[in-house]
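File shown: structure_5.csv. Contents: CSV, C-alpha atoms and all ligand atoms.
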chain,number,residue,atom,x,y,z
A,22,MET,CA,58.7,-230.1,57.2
A,23,ASP,CA,56.6,-232.1,54.7
A,24,HIS,CA,58.5,-234.2,52.2
A,25,LEU,CA,57.4,-231.8,49.4
A,26,THR,CA,56.7,-228.1,49.7
A,27,HIS,CA,55.3,-226.5,46.5
A,28,VAL,CA,55.7,-222.8,46.9
A,29,LYS,CA,52.7,-221.2,45.1
A,30,HIS,CA,53.4,-217.6,46.0
A,31,PRO,CA,52.3,-215.3,43.1
A,32,LEU,CA,55.7,-213.6,42.9
A,33,VAL,CA,57.4,-217.0,42.6
A,34,GLN,CA,55.0,-218.2,40.0
A,35,HIS,CA,55.2,-215.1,37.9
A,36,LYS,CA,59.0,-215.0,37.9
A,37,LEU,CA,59.0,-218.7,37.0
A,38,THR,CA,56.8,-218.1,34.0
A,39,LEU,CA,59.3,-215.5,32.8
A,40,MET,CA,62.1,-217.9,33.2
A,41,ARG,CA,60.4,-220.7,31.3
A,42,ASP,CA,59.8,-218.4,28.3
A,43,LYS,CA,62.5,-219.1,25.7
A,44,ALA,CA,62.5,-215.5,24.7
A,45,THR,CA,63.9,-214.5,28.1
A,46,SER,CA,67.6,-213.4,27.9
A,47,THR,CA,70.4,-214.9,29.8
A,48,ALA,CA,70.9,-211.8,31.9
A,49,VAL,CA,67.2,-211.6,32.9
A,50,PHE,CA,67.0,-215.4,33.5
A,51,ARG,CA,69.9,-215.1,36.0
A,52,GLN,CA,68.4,-212.1,37.7
A,53,LEU,CA,65.0,-213.9,38.1
A,54,LEU,CA,66.7,-217.0,39.4
A,55,ARG,CA,68.5,-214.9,42.0
A,56,GLU,CA,65.1,-213.3,43.0
A,57,ILE,CA,63.3,-216.6,43.2
A,58,SER,CA,66.1,-218.2,45.2
A,59,GLN,CA,65.5,-215.7,47.9
A,60,LEU,CA,61.8,-216.3,48.0
A,61,LEU,CA,62.4,-220.1,48.2
A,62,ALA,CA,65.0,-219.6,50.8
A,63,TYR,CA,62.5,-217.7,52.9
A,64,GLU,CA,60.3,-220.8,52.8
A,65,ILE,CA,63.0,-223.4,53.4
A,66,THR,CA,64.4,-221.5,56.4
A,67,ARG,CA,61.0,-220.8,58.0
A,68,GLU,CA,61.5,-223.2,60.9
A,69,LEU,CA,65.2,-222.5,61.8
A,70,PRO,CA,65.8,-222.8,65.5
A,71,MET,CA,65.9,-219.5,67.4
A,72,THR,CA,67.2,-218.3,70.7
A,73,THR,CA,67.3,-214.9,72.3
A,74,ARG,CA,70.1,-212.4,72.8
A,75,ALA,CA,70.1,-209.6,75.4
A,76,ILE,CA,70.4,-206.3,73.6
A,77,GLU,CA,69.5,-202.7,74.4
A,78,THR,CA,67.2,-200.7,72.1
A,79,PRO,CA,67.5,-196.9,72.4
A,80,LEU,CA,64.6,-197.2,74.8
A,81,GLN,CA,65.2,-200.2,77.0
A,82,PRO,CA,66.9,-203.6,77.3
A,83,MET,CA,65.2,-206.6,75.7
A,84,ASP,CA,65.8,-210.3,74.9
A,85,ALA,CA,65.5,-210.3,71.2
A,86,PRO,CA,65.3,-213.3,68.8
A,87,VAL,CA,68.3,-214.5,66.9
A,88,LEU,CA,69.2,-217.7,65.0
A,89,SER,CA,70.7,-220.4,67.2
A,90,GLY,CA,73.3,-223.1,66.5
A,91,ARG,CA,76.0,-223.4,63.9
A,92,LYS,CA,75.8,-221.4,60.7
A,93,LEU,CA,73.9,-223.3,58.0
A,94,ALA,CA,75.6,-224.9,55.1
A,95,LEU,CA,74.6,-224.3,51.5
A,96,VAL,CA,75.7,-226.9,49.1
A,97,SER,CA,75.6,-226.1,45.4
A,98,ILE,CA,75.2,-228.9,43.0
A,99,LEU,CA,77.4,-227.6,40.1
A,100,ARG,CA,77.0,-225.9,37.9
A,101,ALA,CA,73.4,-224.8,37.8
A,102,GLY,CA,73.2,-224.8,41.6
A,103,ASN,CA,75.4,-221.7,41.7
A,104,GLY,CA,72.5,-219.6,40.3
A,105,LEU,CA,70.4,-220.4,43.4
A,106,LEU,CA,73.4,-220.1,45.7
A,107,ASP,CA,74.2,-216.5,44.9
A,108,GLY,CA,70.8,-215.2,45.9
A,109,ILE,CA,70.5,-217.3,49.1
A,110,LEU,CA,73.9,-216.0,50.2
A,111,GLU,CA,72.7,-212.5,50.0
A,112,LEU,CA,70.0,-213.5,52.5
A,113,VAL,CA,72.2,-215.6,54.7
A,114,PRO,CA,75.7,-214.1,54.2
A,115,SER,CA,77.3,-216.0,57.0
A,116,ALA,CA,76.3,-219.4,55.6
A,117,ARG,CA,79.1,-221.9,55.0
A,118,VAL,CA,79.3,-223.1,51.4
A,119,GLY,CA,80.1,-226.5,49.8
A,120,PHE,CA,80.1,-227.7,46.2
A,121,VAL,CA,79.3,-231.0,44.6
A,122,GLY,CA,80.5,-231.4,41.0
A,123,LEU,CA,78.4,-233.9,39.1
A,124,TYR,CA,77.8,-234.1,35.5
A,125,ARG,CA,75.1,-236.2,33.8
A,126,ASP,CA,76.2,-238.9,31.4
A,127,GLU,CA,74.0,-238.1,28.5
A,128,GLU,CA,73.5,-241.8,27.6
A,129,THR,CA,73.0,-243.4,31.0
A,130,LEU,CA,71.6,-240.2,32.6
A,131,GLN,CA,73.7,-241.3,35.7
A,132,PRO,CA,75.7,-238.7,37.6
A,133,VAL,CA,79.5,-238.8,37.5
A,134,GLN,CA,81.3,-237.0,40.3
A,135,TYR,CA,84.2,-234.7,39.6
A,136,TYR,CA,84.4,-232.5,42.6
A,137,PHE,CA,83.3,-232.4,46.3
A,138,LYS,CA,84.1,-229.9,49.0
A,139,ALA,CA,82.0,-229.4,52.0
A,140,PRO,CA,82.2,-227.3,55.2
A,141,ASP,CA,83.2,-228.9,58.4
A,142,HIS,CA,80.8,-230.0,61.2
A,143,LEU,CA,78.1,-230.9,58.7
A,144,ASP,CA,76.5,-233.1,61.5
A,145,GLU,CA,75.8,-229.9,63.5
A,146,ARG,CA,74.4,-227.8,60.7
A,147,LEU,CA,71.3,-227.5,58.7
A,148,VAL,CA,72.5,-228.4,55.2
A,149,ILE,CA,70.6,-227.0,52.2
A,150,ALA,CA,71.5,-228.6,48.9
A,151,VAL,CA,70.5,-226.5,45.9
A,152,ASP,CA,70.0,-227.4,42.3
A,153,PRO,CA,67.4,-225.7,40.1
A,154,MET,CA,66.2,-228.9,38.4
A,155,LEU,CA,65.1,-232.1,40.1
A,156,ALA,CA,64.8,-234.2,37.0
A,157,THR,CA,65.6,-238.0,37.2
A,158,GLY,CA,66.8,-237.4,40.8
A,159,ASN,CA,70.0,-239.3,40.1
A,160,SER,CA,72.3,-236.3,40.8
A,161,SER,CA,70.4,-235.1,43.8
A,162,VAL,CA,70.4,-238.6,45.4
A,163,ALA,CA,74.1,-238.9,44.7
A,164,ALA,CA,74.8,-235.4,46.1
A,165,ILE,CA,72.9,-236.2,49.3
A,166,ASP,CA,74.6,-239.6,49.6
A,167,LEU,CA,77.9,-237.7,49.7
A,168,LEU,CA,76.6,-235.2,52.3
A,169,LYS,CA,75.4,-238.0,54.5
A,170,GLU,CA,78.8,-239.8,54.2
A,171,LYS,CA,80.3,-236.5,55.4
A,172,GLY,CA,78.0,-236.6,58.5
A,173,ALA,CA,75.1,-234.4,57.5
A,174,LYS,CA,71.9,-235.3,59.3
A,175,ASP,CA,69.6,-232.4,58.8
A,176,ILE,CA,69.4,-231.9,55.0
A,177,ARG,CA,66.9,-230.0,52.8
A,178,PHE,CA,66.8,-229.8,49.1
A,179,LEU,CA,65.8,-226.6,47.3
A,180,CYS,CA,65.0,-226.6,43.6
A,181,LEU,CA,63.1,-224.5,41.1
A,182,LEU,CA,61.4,-227.3,39.0
A,183,ALA,CA,60.8,-230.8,40.0
A,184,ALA,CA,59.6,-233.8,37.9
A,185,PRO,CA,57.4,-236.4,39.5
A,186,GLU,CA,60.0,-239.0,38.7
A,187,GLY,CA,62.7,-237.1,40.6
A,188,ILE,CA,60.5,-236.5,43.6
A,189,ALA,CA,59.7,-240.2,43.8
A,190,ARG,CA,63.4,-241.1,43.5
A,191,MET,CA,64.3,-238.7,46.3
A,192,LYS,CA,61.5,-240.0,48.5
A,193,ASP,CA,62.7,-243.5,47.9
A,194,ALA,CA,66.4,-242.9,48.6
A,195,HIS,CA,66.2,-240.0,51.1
A,196,PRO,CA,62.7,-239.9,52.7
A,197,ASP,CA,64.2,-237.7,55.5
A,198,VAL,CA,65.2,-234.9,53.1
A,199,PRO,CA,62.4,-232.4,52.6
A,200,ILE,CA,62.1,-230.8,49.1
A,201,VAL,CA,61.1,-227.2,48.4
A,202,THR,CA,60.2,-226.4,44.8
A,203,ALA,CA,58.5,-223.6,42.9
A,204,ALA,CA,56.8,-226.1,40.5
A,205,VAL,CA,56.1,-229.8,39.9
A,206,ASP,CA,56.0,-230.3,36.2
A,207,GLU,CA,54.4,-233.0,34.1
A,208,ARG,CA,57.2,-235.5,33.3
A,209,LEU,CA,60.6,-236.1,31.9
A,210,ASN,CA,61.1,-236.5,28.2
A,211,GLU,CA,63.2,-239.3,26.6
A,212,LYS,CA,66.4,-237.2,27.1
A,213,GLY,CA,65.7,-236.7,30.8
A,214,TYR,CA,64.6,-233.1,30.4
A,215,ILE,CA,61.7,-231.8,32.6
A,216,THR,CA,58.7,-230.9,30.5
A,217,PRO,CA,57.3,-228.3,30.0
A,218,GLY,CA,60.3,-227.2,32.0
A,219,LEU,CA,62.7,-224.4,31.0
A,220,GLY,CA,65.4,-226.2,29.1
A,221,ASP,CA,68.9,-226.7,30.4
A,222,ALA,CA,69.2,-224.4,33.4
A,223,GLY,CA,72.9,-224.2,33.2
A,224,ASP,CA,72.8,-223.2,29.6
A,225,ARG,CA,70.0,-220.7,30.2
A,226,MET,CA,71.9,-219.2,33.1
A,227,PHE,CA,75.4,-219.0,31.5
A,228,GLY,CA,74.5,-218.5,27.9
A,229,THR,CA,76.1,-221.8,26.8
A,230,LYS,CA,74.7,-224.4,24.5
A,301,LIG,N1,68.6,-230.4,33.9
A,301,LIG,C1,68.2,-229.2,33.3
A,301,LIG,O1,69.0,-228.2,33.3
A,301,LIG,N2,67.0,-229.2,32.7
A,301,LIG,C2,66.2,-230.3,32.7
A,301,LIG,O2,65.1,-230.2,32.2
A,301,LIG,C3,66.6,-231.5,33.4
A,301,LIG,C4,67.9,-231.5,33.9

Rewrite the structure from the file as C-alpha cells, please.
Amino acid sequence: MDHLTHVKHPLVQHKLTLMRDKATSTAVFRQLLREISQLLAYEITRELPMTTRAIETPLQPMDAPVLSGRKLALVSILRAGNGLLDGILELVPSARVGFVGLYRDEETLQPVQYYFKAPDHLDERLVIAVDPMLATGNSSVAAIDLLKEKGAKDIRFLCLLAAPEGIARMKDAHPDVPIVTAAVDERLNEKGYITPGLGDAGDRMFGTK
C-alpha cells in the first residue's frame, strides 16, 4: 500500500461533512463514525491475502476464495479509537482486539501511556491500529512503537482526519506503516487540534466536554 491513502468516496465525504458540523448530535455522530469506519475498513483490507477452500454449492463443488492466515488484530487507541473499532468489528467479527490507552498531556502534547493489552502472535497478524484523529502524530507513533515492541510487523493505521504534521511525523517514525484516512485537513492549531477538523472526537462521540 502507499504510505497515505485518502479515501475520497462520495459516501465517506458526505458522512464526514455531517460529522464535522457542530450541530450534529452525539448519537448521529456515533452512528456516522460507525458507518464511515466500515467504508474505510473496506479500503484498508483491500489486499488481504486469500486462499481457497473446497466447498459444495447446491449445484457443484468449487474451490472458493477465503481469507488466509491468522485473524487480523484491531488495536483501538483509547478512547476515541473505540468509535472506529465497533464498526470494523461488525465487518470482521473474528478479528482479535487490543487496546492502547494514551492520553495527551495538554501542555506538552506528549502521549502518556496508562493501558496496553494486545492479542498474541502479533508477528503473524495484520495489525490495524485505529484512532479517528491523526493530529500531532505523537500518540499514533507511541502506539505503534508499543505494537512493534510486541512483535507486530505488518501494521496499518486507520483514521478519519489527518493533519499534515501528523502524517509527516508518522512517515518519519514509521515509514513502513500505511495510513488510510477520509481527509487531510489544513493544519494543527496552537492547542494541537486539527483544523478545520471536527473538534474533540472523544467528546463528540461520548457527549463529554
Ligand atoms: N484529537 C481530537 O479529538 N481532535 C483533534 O482535533 C486533535 C486530536

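Distance check against Ala48 (chain A) using only C-alpha atoms: of A:Gly108, A:Gly228, A:Gly90, A:Gly172, the minimum falls on A:Gly228.
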
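Across A:Ala203, A:Leu179, A:Leu80, A:Ala44, the tightest approach to Leu105 (chain A) is made by A:Leu179 when counting all atoms listed in the file.
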
Minimum-distance residue to Lys92 (chain A), chosen among A:Asp107, A:Glu64, A:Asp126, A:Asp144 (using only C-alpha atoms): A:Asp144

Counting all atoms listed in the file, name the residues that have an atom within 12 Å of an atom of ligand LIG 301 (chain A); the answer should be given as a ChimeraX atom specification. /A:41,98-102,104,123-127,130-132,152-161,180-184,186-187,205-227,229-230

Give as JSON, numbers by chain the set of residues within 9 Å of the point (58.2, -210.8, 45.6), where distances use the file's coordinates and only C-alpha atoms. {"A": [30, 31, 32, 33, 36, 56, 57, 60]}

Let me make sure I understand: among A:Ala62, A:Ala150, A:Ala94, A:Leu69, which one has the smallest atom-to-atom distance to Ile109 (chain A) if we use all atoms listed in the file?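 Closest to Ile109 (chain A) of all the choices is A:Ala62.
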
Taking into account only C-alpha atoms, which residue in the set A:Ala204, A:Val87, A:Leu167, A:Val49 is nearest to Thr26 (chain A)?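 When distances to Thr26 (chain A) are compared using only C-alpha atoms, the smallest one comes from A:Ala204.
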